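Asks: This is work.txt (compact mmCIF, C-alpha atoms).
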# COMPACT_ATOMS: atom_id res chain seq x y z
CA MET Z 1 20.65 29.97 -42.32
CA THR Z 2 19.06 26.91 -40.77
CA SER Z 3 15.30 27.19 -40.38
CA THR Z 4 13.65 27.13 -36.95
CA PRO Z 5 11.74 23.88 -37.63
CA ALA Z 6 14.99 22.20 -38.62
CA LEU Z 7 16.66 23.35 -35.39
CA ALA Z 8 13.73 22.12 -33.36
CA HIS Z 9 13.85 18.74 -35.09
CA ALA Z 10 17.60 18.47 -34.50
CA SER Z 11 17.21 19.36 -30.83
CA ALA Z 12 14.47 16.78 -30.41
CA SER Z 13 16.66 14.13 -32.05
CA VAL Z 14 19.58 14.91 -29.73
CA ALA Z 15 17.31 14.80 -26.68
CA GLU Z 16 15.89 11.47 -27.80
CA ASP Z 17 19.38 10.06 -28.30
CA ARG Z 18 20.29 11.04 -24.76
CA ARG Z 19 17.35 9.24 -23.22
CA PRO Z 20 18.48 6.11 -21.38
CA GLY Z 21 17.77 2.78 -23.06
CA PHE Z 22 15.87 -0.02 -21.33
CA THR Z 23 19.11 -1.76 -20.31
CA SER Z 24 20.32 1.44 -18.67
CA LEU Z 25 17.00 1.78 -16.87
CA MET Z 26 17.27 -1.78 -15.55
CA LEU Z 27 20.83 -1.13 -14.34
CA SER Z 28 19.62 2.02 -12.63
CA GLU Z 29 16.79 0.15 -10.90
CA TRP Z 30 19.17 -2.63 -9.87
CA THR Z 31 21.46 -0.02 -8.31
CA LYS Z 32 18.51 1.42 -6.40
CA ILE Z 33 17.43 -1.93 -5.01
CA ARG Z 34 20.83 -3.20 -3.94
CA SER Z 35 21.79 0.15 -2.44
CA VAL Z 36 18.83 0.02 -0.05
CA ARG Z 37 20.16 -2.05 2.83
CA SER Z 38 16.74 -2.70 4.30
CA THR Z 39 15.67 -4.49 1.10
CA VAL Z 40 18.79 -6.65 0.98
CA TRP Z 41 18.56 -7.56 4.64
CA SER Z 42 14.82 -8.20 4.41
CA LEU Z 43 15.32 -10.70 1.60
CA ALA Z 44 18.21 -12.39 3.43
CA ILE Z 45 16.19 -12.68 6.65
CA LEU Z 46 13.23 -13.91 4.62
CA VAL Z 47 15.26 -16.83 3.25
CA VAL Z 48 16.70 -17.76 6.64
CA LEU Z 49 13.44 -17.53 8.58
CA THR Z 50 11.51 -19.45 5.93
CA LEU Z 51 14.01 -22.30 6.07
CA VAL Z 52 13.98 -22.28 9.87
CA PHE Z 53 10.18 -22.29 10.02
CA THR Z 54 10.05 -25.12 7.47
CA ALA Z 55 12.34 -27.24 9.62
CA LEU Z 56 10.37 -26.44 12.79
CA PHE Z 57 6.96 -27.15 11.28
CA MET Z 58 8.14 -30.40 9.71
CA GLN Z 59 9.68 -31.54 13.00
CA MET Z 60 6.45 -30.67 14.81
CA GLY Z 61 4.44 -32.57 12.23
CA ILE Z 62 6.53 -35.71 12.67
CA ALA Z 63 6.54 -35.39 16.48
CA ASN Z 64 2.72 -35.20 16.52
CA TRP Z 65 2.18 -37.69 13.72
CA ASP Z 66 0.49 -40.32 15.88
CA LYS Z 67 -1.88 -37.68 17.32
CA ALA Z 68 -2.90 -36.33 13.92
CA ASP Z 69 -6.20 -37.23 12.25
CA PRO Z 70 -5.98 -39.95 9.61
CA SER Z 71 -7.20 -37.42 7.05
CA GLN Z 72 -4.27 -35.11 7.85
CA GLN Z 73 -1.83 -38.00 7.56
CA ALA Z 74 -3.34 -39.02 4.22
CA GLU Z 75 -3.08 -35.43 2.93
CA MET Z 76 0.60 -35.20 3.86
CA ARG Z 77 1.31 -38.55 2.18
CA MET Z 78 -0.56 -37.48 -0.96
CA ASP Z 79 1.15 -34.09 -1.25
CA PRO Z 80 4.36 -33.98 0.80
CA THR Z 81 5.87 -31.29 -1.41
CA GLY Z 82 2.89 -29.01 -0.89
CA THR Z 83 3.11 -29.65 2.84
CA ILE Z 84 6.78 -28.67 2.92
CA LEU Z 85 6.39 -25.54 0.81
CA GLY Z 86 3.20 -24.45 2.55
CA SER Z 87 4.81 -24.52 5.99
CA GLY Z 88 6.97 -21.48 5.30
CA ILE Z 89 5.33 -19.73 2.37
CA LEU Z 90 2.98 -17.55 4.46
CA LEU Z 91 5.95 -15.62 5.82
CA SER Z 92 7.52 -15.46 2.36
CA GLN Z 93 4.46 -14.10 0.61
CA LEU Z 94 3.81 -11.44 3.26
CA ALA Z 95 7.40 -10.21 3.05
CA VAL Z 96 7.31 -10.19 -0.75
CA CYS Z 97 4.05 -8.21 -0.72
CA VAL Z 98 5.51 -5.55 1.57
CA LEU Z 99 8.73 -5.28 -0.45
CA GLY Z 100 6.78 -5.10 -3.72
CA VAL Z 101 4.78 -2.14 -2.47
CA MET Z 102 7.81 -0.38 -1.02
CA ALA Z 103 9.81 -0.83 -4.24
CA ILE Z 104 7.72 1.87 -5.89
CA ALA Z 105 5.39 3.52 -3.34
CA SER Z 106 8.33 4.70 -1.23
CA GLU Z 107 9.69 6.61 -4.24
CA TYR Z 108 6.40 8.46 -4.55
CA SER Z 109 6.49 9.25 -0.83
CA THR Z 110 10.01 10.69 -0.99
CA GLY Z 111 9.62 12.31 -4.41
CA MET Z 112 12.51 10.28 -5.91
CA ILE Z 113 10.26 9.02 -8.68
CA ARG Z 114 10.25 12.50 -10.28
CA ALA Z 115 13.94 12.26 -11.18
CA SER Z 116 13.37 8.98 -13.02
CA LEU Z 117 10.34 10.31 -14.87
CA LEU Z 118 12.17 13.48 -15.93
CA ALA Z 119 14.89 11.34 -17.51
CA VAL Z 120 12.30 9.18 -19.30
CA PRO Z 121 9.37 11.34 -20.46
CA GLY Z 122 7.58 8.23 -21.78
CA ARG Z 123 7.32 7.06 -18.14
CA VAL Z 124 6.09 3.53 -18.87
CA PRO Z 125 9.65 2.16 -19.46
CA VAL Z 126 10.48 3.21 -15.88
CA LEU Z 127 7.66 1.03 -14.55
CA ALA Z 128 8.65 -1.81 -16.87
CA ALA Z 129 12.30 -1.68 -15.79
CA LYS Z 130 11.38 -1.51 -12.11
CA GLY Z 131 9.02 -4.45 -12.50
CA ALA Z 132 11.54 -6.52 -14.46
CA VAL Z 133 14.35 -6.01 -11.94
CA PHE Z 134 12.18 -6.60 -8.90
CA GLY Z 135 10.46 -9.61 -10.47
CA LEU Z 136 13.75 -11.27 -11.39
CA LEU Z 137 15.18 -10.59 -7.93
CA VAL Z 138 12.18 -12.12 -6.18
CA LEU Z 139 12.23 -15.06 -8.61
CA ALA Z 140 15.86 -15.81 -7.71
CA VAL Z 141 15.22 -15.48 -3.98
CA GLY Z 142 11.98 -17.46 -4.26
CA GLU Z 143 13.64 -20.36 -6.06
CA LEU Z 144 16.48 -20.40 -3.53
CA THR Z 145 13.96 -20.47 -0.70
CA ALA Z 146 11.76 -23.11 -2.33
CA PHE Z 147 14.58 -25.52 -3.13
CA GLY Z 148 16.14 -24.95 0.29
CA SER Z 149 12.81 -25.65 2.01
CA PHE Z 150 12.27 -28.82 0.00
CA PHE Z 151 15.71 -30.28 0.70
CA ILE Z 152 15.33 -29.45 4.40
CA GLY Z 153 11.80 -30.78 4.75
CA ALA Z 154 12.04 -33.93 2.60
CA PRO Z 155 14.53 -35.79 4.87
CA ILE Z 156 12.45 -34.90 7.93
CA LEU Z 157 9.28 -36.32 6.35
CA ASP Z 158 11.05 -39.32 4.85
CA GLY Z 159 9.87 -41.79 7.49
CA LYS Z 160 6.19 -40.87 7.19
CA ALA Z 161 5.67 -39.21 3.80
CA PRO Z 162 8.70 -39.88 1.60
CA VAL Z 163 9.26 -37.63 -1.40
CA ALA Z 164 12.07 -36.97 -3.88
CA ILE Z 165 12.61 -34.09 -6.26
CA GLY Z 166 12.18 -36.49 -9.17
CA ASP Z 167 8.72 -37.65 -8.08
CA PRO Z 168 5.79 -36.65 -10.35
CA GLY Z 169 4.85 -33.03 -9.73
CA ALA Z 170 7.56 -32.36 -7.13
CA LEU Z 171 10.01 -30.39 -9.28
CA ARG Z 172 7.18 -28.43 -10.91
CA ALA Z 173 5.79 -27.48 -7.49
CA VAL Z 174 9.18 -26.33 -6.17
CA VAL Z 175 9.96 -24.27 -9.27
CA GLY Z 176 6.37 -23.02 -9.27
CA CYS Z 177 6.77 -21.71 -5.73
CA GLY Z 178 9.41 -19.25 -6.93
CA LEU Z 179 7.23 -18.25 -9.88
CA TYR Z 180 4.29 -17.69 -7.54
CA LEU Z 181 6.31 -15.41 -5.27
CA ALA Z 182 7.68 -13.44 -8.23
CA LEU Z 183 4.20 -12.82 -9.65
CA LEU Z 184 2.86 -11.96 -6.20
CA GLY Z 185 5.66 -9.42 -5.80
CA LEU Z 186 4.73 -7.81 -9.13
CA PHE Z 187 1.06 -7.84 -8.07
CA ALA Z 188 2.01 -5.88 -4.95
CA LEU Z 189 4.25 -3.54 -6.95
CA ALA Z 190 1.34 -2.78 -9.29
CA VAL Z 191 -0.92 -1.96 -6.34
CA GLY Z 192 1.77 0.35 -4.97
CA ALA Z 193 2.09 2.06 -8.36
CA ILE Z 194 -1.67 2.63 -8.51
CA ILE Z 195 -2.26 3.84 -4.94
CA ARG Z 196 1.13 5.60 -4.56
CA HIS Z 197 0.98 5.54 -0.75
CA THR Z 198 3.05 3.01 1.15
CA ALA Z 199 0.83 2.35 4.18
CA ALA Z 200 -2.41 2.29 2.17
CA SER Z 201 -0.93 -0.02 -0.48
CA ILE Z 202 0.41 -2.47 2.09
CA THR Z 203 -2.97 -2.49 3.83
CA VAL Z 204 -4.76 -3.29 0.55
CA VAL Z 205 -2.36 -6.07 -0.47
CA ILE Z 206 -2.17 -7.72 2.96
CA GLY Z 207 -5.94 -7.39 3.28
CA PHE Z 208 -6.29 -9.23 -0.02
CA VAL Z 209 -3.98 -12.03 1.13
CA LEU Z 210 -5.04 -12.46 4.75
CA VAL Z 211 -8.65 -11.24 4.88
CA ILE Z 212 -10.50 -11.18 1.55
CA THR Z 213 -9.23 -14.52 0.25
CA PRO Z 214 -10.02 -16.55 3.42
CA MET Z 215 -13.42 -14.83 3.77
CA ALA Z 216 -14.27 -15.63 0.15
CA GLY Z 217 -13.78 -19.28 0.99
CA LEU Z 218 -16.78 -19.02 3.33
CA LEU Z 219 -19.14 -17.90 0.57
CA PRO Z 220 -21.89 -20.51 0.02
CA GLY Z 221 -22.62 -22.40 -3.16
CA SER Z 222 -20.77 -22.95 -6.42
CA VAL Z 223 -20.56 -19.20 -7.09
CA GLY Z 224 -18.69 -18.72 -3.82
CA GLU Z 225 -16.33 -21.56 -4.71
CA ARG Z 226 -15.53 -19.99 -8.08
CA ILE Z 227 -14.97 -16.53 -6.61
CA HIS Z 228 -12.59 -18.01 -4.05
CA ALA Z 229 -10.76 -20.14 -6.62
CA TYR Z 230 -10.15 -17.23 -8.99
CA LEU Z 231 -8.76 -14.79 -6.43
CA PRO Z 232 -5.08 -14.11 -7.19
CA THR Z 233 -3.33 -15.69 -4.21
CA GLU Z 234 -5.65 -18.69 -4.00
CA ALA Z 235 -5.24 -19.39 -7.72
CA GLY Z 236 -1.48 -18.85 -7.78
CA PHE Z 237 -0.92 -21.01 -4.71
CA MET Z 238 -2.17 -24.02 -6.67
CA MET Z 239 1.23 -24.07 -8.36
CA THR Z 240 2.92 -25.10 -5.11
CA GLN Z 241 0.89 -28.31 -4.80
CA GLN Z 242 2.44 -31.54 -5.99
CA HIS Z 243 -0.91 -33.06 -6.94
CA SER Z 244 -4.37 -31.66 -7.57
CA ARG Z 245 -6.85 -32.27 -4.78
CA ALA Z 246 -10.52 -33.24 -4.84
CA GLY Z 247 -12.67 -30.21 -5.48
CA ASP Z 248 -9.93 -28.06 -7.08
CA LEU Z 249 -11.42 -25.93 -9.85
CA LEU Z 250 -8.05 -24.98 -11.32
CA GLY Z 251 -4.92 -26.93 -12.10
CA PRO Z 252 -1.45 -25.69 -11.15
CA TRP Z 253 -0.67 -23.94 -14.44
CA GLU Z 254 -4.21 -22.61 -14.75
CA GLY Z 255 -3.97 -21.11 -11.29
CA LEU Z 256 -0.64 -19.48 -12.07
CA GLY Z 257 -2.16 -18.13 -15.27
CA VAL Z 258 -5.00 -16.53 -13.29
CA LEU Z 259 -2.50 -14.82 -10.98
CA ALA Z 260 -0.49 -13.67 -14.02
CA LEU Z 261 -3.66 -12.21 -15.56
CA TRP Z 262 -4.52 -10.31 -12.36
CA THR Z 263 -0.97 -8.96 -12.26
CA ALA Z 264 -0.95 -7.98 -15.94
CA VAL Z 265 -4.25 -6.09 -15.59
CA LEU Z 266 -3.03 -4.17 -12.54
CA LEU Z 267 0.27 -3.32 -14.24
CA ALA Z 268 -1.64 -2.08 -17.29
CA VAL Z 269 -3.78 0.14 -15.04
CA ALA Z 270 -0.63 1.42 -13.33
CA ALA Z 271 0.97 2.18 -16.72
CA VAL Z 272 -2.06 4.14 -17.94
CA GLN Z 273 -2.24 6.03 -14.66
CA LEU Z 274 1.49 6.78 -14.80
CA ARG Z 275 1.10 8.45 -18.19
CA ARG Z 276 -1.95 10.49 -17.21
CA ARG Z 277 -1.22 11.54 -13.62
CA ASP Z 278 1.54 13.73 -12.26
CA ALA Z 279 3.97 12.09 -9.89
What do you get writing this file as structure tokens?

Replies:
Amino acid sequence: MTSTPALAHASASVAEDRRPGFTSLMLSEWTKIRSVRSTVWSLAILVVLTLVFTALFMQMGIANWDKADPSQQAEMRMDPTGTILGSGILLSQLAVCVLGVMAIASEYSTGMIRASLLAVPGRVPVLAAKGAVFGLLVLAVGELTAFGSFFIGAPILDGKAPVAIGDPGALRAVVGCGLYLALLGLFALAVGAIIRHTAASITVVIGFVLVITPMAGLLPGSVGERIHAYLPTEAGFMMTQQHSRAGDLLGPWEGLGVLALWTAVLLAVAAVQLRRRDA
């Protein structure tokens, strides 16, 4: 007769074999995202509106070129790629922040997250799969938006601040814009995973982007400058600039690295919390 410990070991082995692998988890998360129409439509509208706003802002800039301060003209000539990308990125980053929070906080609100965690007792792979799928999706949409914005804005600026994708720093800035949005989306997702409440998480993330970061820029002295420079959105946004500017404390890749570090720390906190707290 088979001993009880042997039966228990065999049962555990069968249960472990039936647990979904990471590829299956990613496919499951992809099915969730694309089946939510609001997410698909939000991303589609995001792309369209960003491109429209880029065209409008660039046309307005050219129309008011003669009325602009010489310093503004010089800044646009020095960094036309940053000017193009910056004209529509505010809308993009706000939408990505909201979608990042909703990608996980909404599952806590509805209780859907429990089904995923029951299938994967380890829990952390669920967060990893969700982050991987959402990050890759935002990266694809971000790159599409960035390249579209550049090729719409560059011909409009051509008479005043000419720029081509092959110019020094231009391609890196355009590609970096998509990377920035992807990391920002994961940053928001991590906040949603930690707070687990949709409205509160959105408030925290948007507050970080629209309130805390601009207010930090008003802090006096070199300490204030460093605090402002190392905040996640301010640091990551450096990647969208074609050239470094006077007074910048971080370069493009350094800034993106700071944002990546913020995101990694928050995801680590979310992973620890996921293992220790009930859904």

Asks: Excluding Ile62 (chain Z) and its own-chain neighbours fewer than 4 positions away, which residues fall within 12 Å of it when counting only C-alpha atoms? Please give them as a list in words.

Replies: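 Surrounding residues, per the criterion: Ala55, Leu56, Phe57, Met58, Asp66, Lys67, Ala68, Gln72, Gln73, Met76, Gly153, Ala154, Pro155, Ile156, Leu157, Asp158, Gly159, Lys160 and Ala161 of chain Z.
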
Asks: Please report, as CSV, each residue of region 88-164 of chain Z lying at most 10 Å from region 265-273 of chain Z, together with the nearest pair of atoms and the separation in Å rounded to one decimal; use only C-alpha atoms, and order rows by chain and ascending residue number.

Replies:
residue,atom,partner,partner_atom,distance
Z:Arg123,CA,Z:Ala271,CA,8.1
Z:Val124,CA,Z:Ala271,CA,5.7
Z:Pro125,CA,Z:Ala271,CA,9.1
Z:Val126,CA,Z:Ala271,CA,9.6
Z:Leu127,CA,Z:Ala271,CA,7.1
Z:Ala128,CA,Z:Ala271,CA,8.7
Z:Gly131,CA,Z:Leu267,CA,9.0

Asks: Once 4 Å is added on each side, what are the centre and the three edge lengths, in Å to one decimal, of the axis-aligned box enclosing the listed atoms of region 241-246 of chain Z? Present them as JSON.

Replies:
{"center_x": -4.0, "center_y": -30.8, "center_z": -6.2, "size_x": 21.0, "size_y": 12.9, "size_z": 10.8}

Asks: Report the closest atom pair, with its distance in Å rounded to one decimal, for each residue of region 51-136 of chain Z that has an atom no farther than 7 Å from region 232-241 of chain Z; count all atoms listed in the file, sort by chain and then rising residue number, and write it as a Markdown table.

Replies:
| residue | atom | partner | partner_atom | distance |
| --- | --- | --- | --- | --- |
| Z:Asp79 | CA | Z:Gln241 | CA | 6.8 |
| Z:Thr81 | CA | Z:Gln241 | CA | 6.7 |
| Z:Gly82 | CA | Z:Gln241 | CA | 4.4 |
| Z:Leu85 | CA | Z:Thr240 | CA | 6.9 |

Asks: Report the closest atom pair, with its distance in Å rounded to one decimal, for each residue of region 106-139 of chain Z that has an atom no farther than 12 Å from region 183-187 of chain Z; count all atoms listed in the file, sort by chain and then rising residue number, and write it as CSV.

Replies:
residue,atom,partner,partner_atom,distance
Z:Leu127,CA,Z:Leu186,CA,10.8
Z:Ala128,CA,Z:Leu186,CA,10.5
Z:Ala129,CA,Z:Leu186,CA,11.8
Z:Lys130,CA,Z:Leu186,CA,9.6
Z:Gly131,CA,Z:Leu186,CA,6.4
Z:Ala132,CA,Z:Leu186,CA,8.7
Z:Val133,CA,Z:Leu186,CA,10.2
Z:Phe134,CA,Z:Leu186,CA,7.6
Z:Gly135,CA,Z:Leu186,CA,6.2
Z:Leu136,CA,Z:Leu183,CA,9.8
Z:Leu137,CA,Z:Gly185,CA,9.8
Z:Val138,CA,Z:Gly185,CA,7.1
Z:Leu139,CA,Z:Leu183,CA,8.4

Asks: Since we have the selection now, will you write its residues out, keeping C-alpha atoms, as a short mmCIF file (atom, residue, chain, number, x, y, z; two decimals), in the coordinates of the input?

Replies:
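That gives us selection30.cif:
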data_model
loop_
_atom_site.label_atom_id
_atom_site.label_comp_id
_atom_site.auth_asym_id
_atom_site.auth_seq_id
_atom_site.Cartn_x
_atom_site.Cartn_y
_atom_site.Cartn_z
CA LEU Z 127 7.66 1.03 -14.55
CA ALA Z 128 8.65 -1.81 -16.87
CA ALA Z 129 12.30 -1.68 -15.79
CA LYS Z 130 11.38 -1.51 -12.11
CA GLY Z 131 9.02 -4.45 -12.50
CA ALA Z 132 11.54 -6.52 -14.46
CA VAL Z 133 14.35 -6.01 -11.94
CA PHE Z 134 12.18 -6.60 -8.90
CA GLY Z 135 10.46 -9.61 -10.47
CA LEU Z 136 13.75 -11.27 -11.39
CA LEU Z 137 15.18 -10.59 -7.93
CA VAL Z 138 12.18 -12.12 -6.18
CA LEU Z 139 12.23 -15.06 -8.61
#

Asks: Please list, as a list in words, the residues that have an atom at most 10 Å away from (8.7, 0.8, 1.4) in the coordinates of this file, counting all atoms listed in the file.

Replies: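 Final list of nearby residues, as requested, is Ser38, Thr39, Val98, Leu99, Gly100, Val101, Met102, Ala103, Ile104, Ala105, Ser106, Glu107, Tyr108, Ser109, Gly192, His197, Thr198, Ala199, Ser201 and Ile202 of chain Z.
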
Asks: Point out the residue among Z:Arg277, Z:Arg245, Z:Tyr180, Z:Leu219 with the least atom-to-atom distance to Thr263 (chain Z), counting all atoms listed in the file.

Replies: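 Smallest separation from Thr263 (chain Z) among the options: Z:Tyr180.
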
Asks: Name the closest residue to Ser28 (chain Z) among the candidates Z:Ser42, Z:Ala115, Z:Ala146, Z:Leu256; distances are taken between atoms, counting only C-alpha atoms.

Replies: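 Ranking Z:Ser42, Z:Ala115, Z:Ala146, Z:Leu256 by distance to Ser28 (chain Z), first place goes to Z:Ala115.
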
Asks: Check the smallest atom-to-atom distance from each of Z:Phe150, Z:Ser71, Z:Ala140, Z:Val175 to Ser87 (chain Z) using all atoms listed in the file, then report the winner.

Replies: Z:Phe150

Asks: Using all atoms listed in the file, which of the listed residues (Z:Ala182, Z:Met215, Z:Ala95, Z:Ile113) sits closest to Leu43 (chain Z)?

Replies: Z:Ala95

Asks: In Å, how far is it from CA of Leu25 (chain Z) to CA of Val120 (chain Z)?

Replies: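 Going from CA of Leu25 (chain Z) over to CA of Val120 (chain Z), I get 9.1 Å.
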
Asks: Could you pull the residues within 8 Å of Val205 (chain Z), counting all atoms listed in the file, minus those fewer than 5 positions along the same chain, as a list in words?

Replies: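 Residues meeting the cut-off are Cys97, Ala188 and Val191 of chain Z.
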
Asks: Which residues are close to Asp167 (chain Z), i.e. within 12 Å by only C-alpha atoms, leaving aside same-chain residues fewer than 4 positions away? Reply as a VMD selection string.

Replies: chain Z and resid 78 to 81 154 162 to 163 171 to 174 242 to 243

Asks: Figure out the distance between CA of Gly142 (chain Z) and CA of Gly178 (chain Z), please, to one decimal in Å.

Replies: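 Here the two named atoms are 4.1 Å from each other.
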
Asks: For a test of reading the model, state the distance in Å between CA of Ile45 (chain Z) and CA of Ser149 (chain Z), rounded to one decimal.

Replies: 14.2 Å

Asks: Considering only C-alpha atoms, return as a list in words whatever protein or nucleic-acid residues lie within 12 Å of Ala216 (chain Z), sequence-local ones (same chain, fewer than 4 positions apart) excluded.

Replies: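 In the requested form, the answer reads Phe208, Val209, Leu210, Val211, Ile212, Pro220, Gly221, Ser222, Val223, Gly224, Glu225, Arg226, Ile227, His228, Ala229, Tyr230, Leu231, Pro232, Thr233 and Glu234 of chain Z.
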
Asks: With distances taken over all atoms listed in the file, which of Z:Gly21, Z:Ser92, Z:Arg275, Z:Gly176 is nearest to Ala119 (chain Z)?

Replies: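 Of Z:Gly21, Z:Ser92, Z:Arg275, Z:Gly176, the one nearest Ala119 (chain Z) is Z:Gly21, counting all atoms listed in the file.
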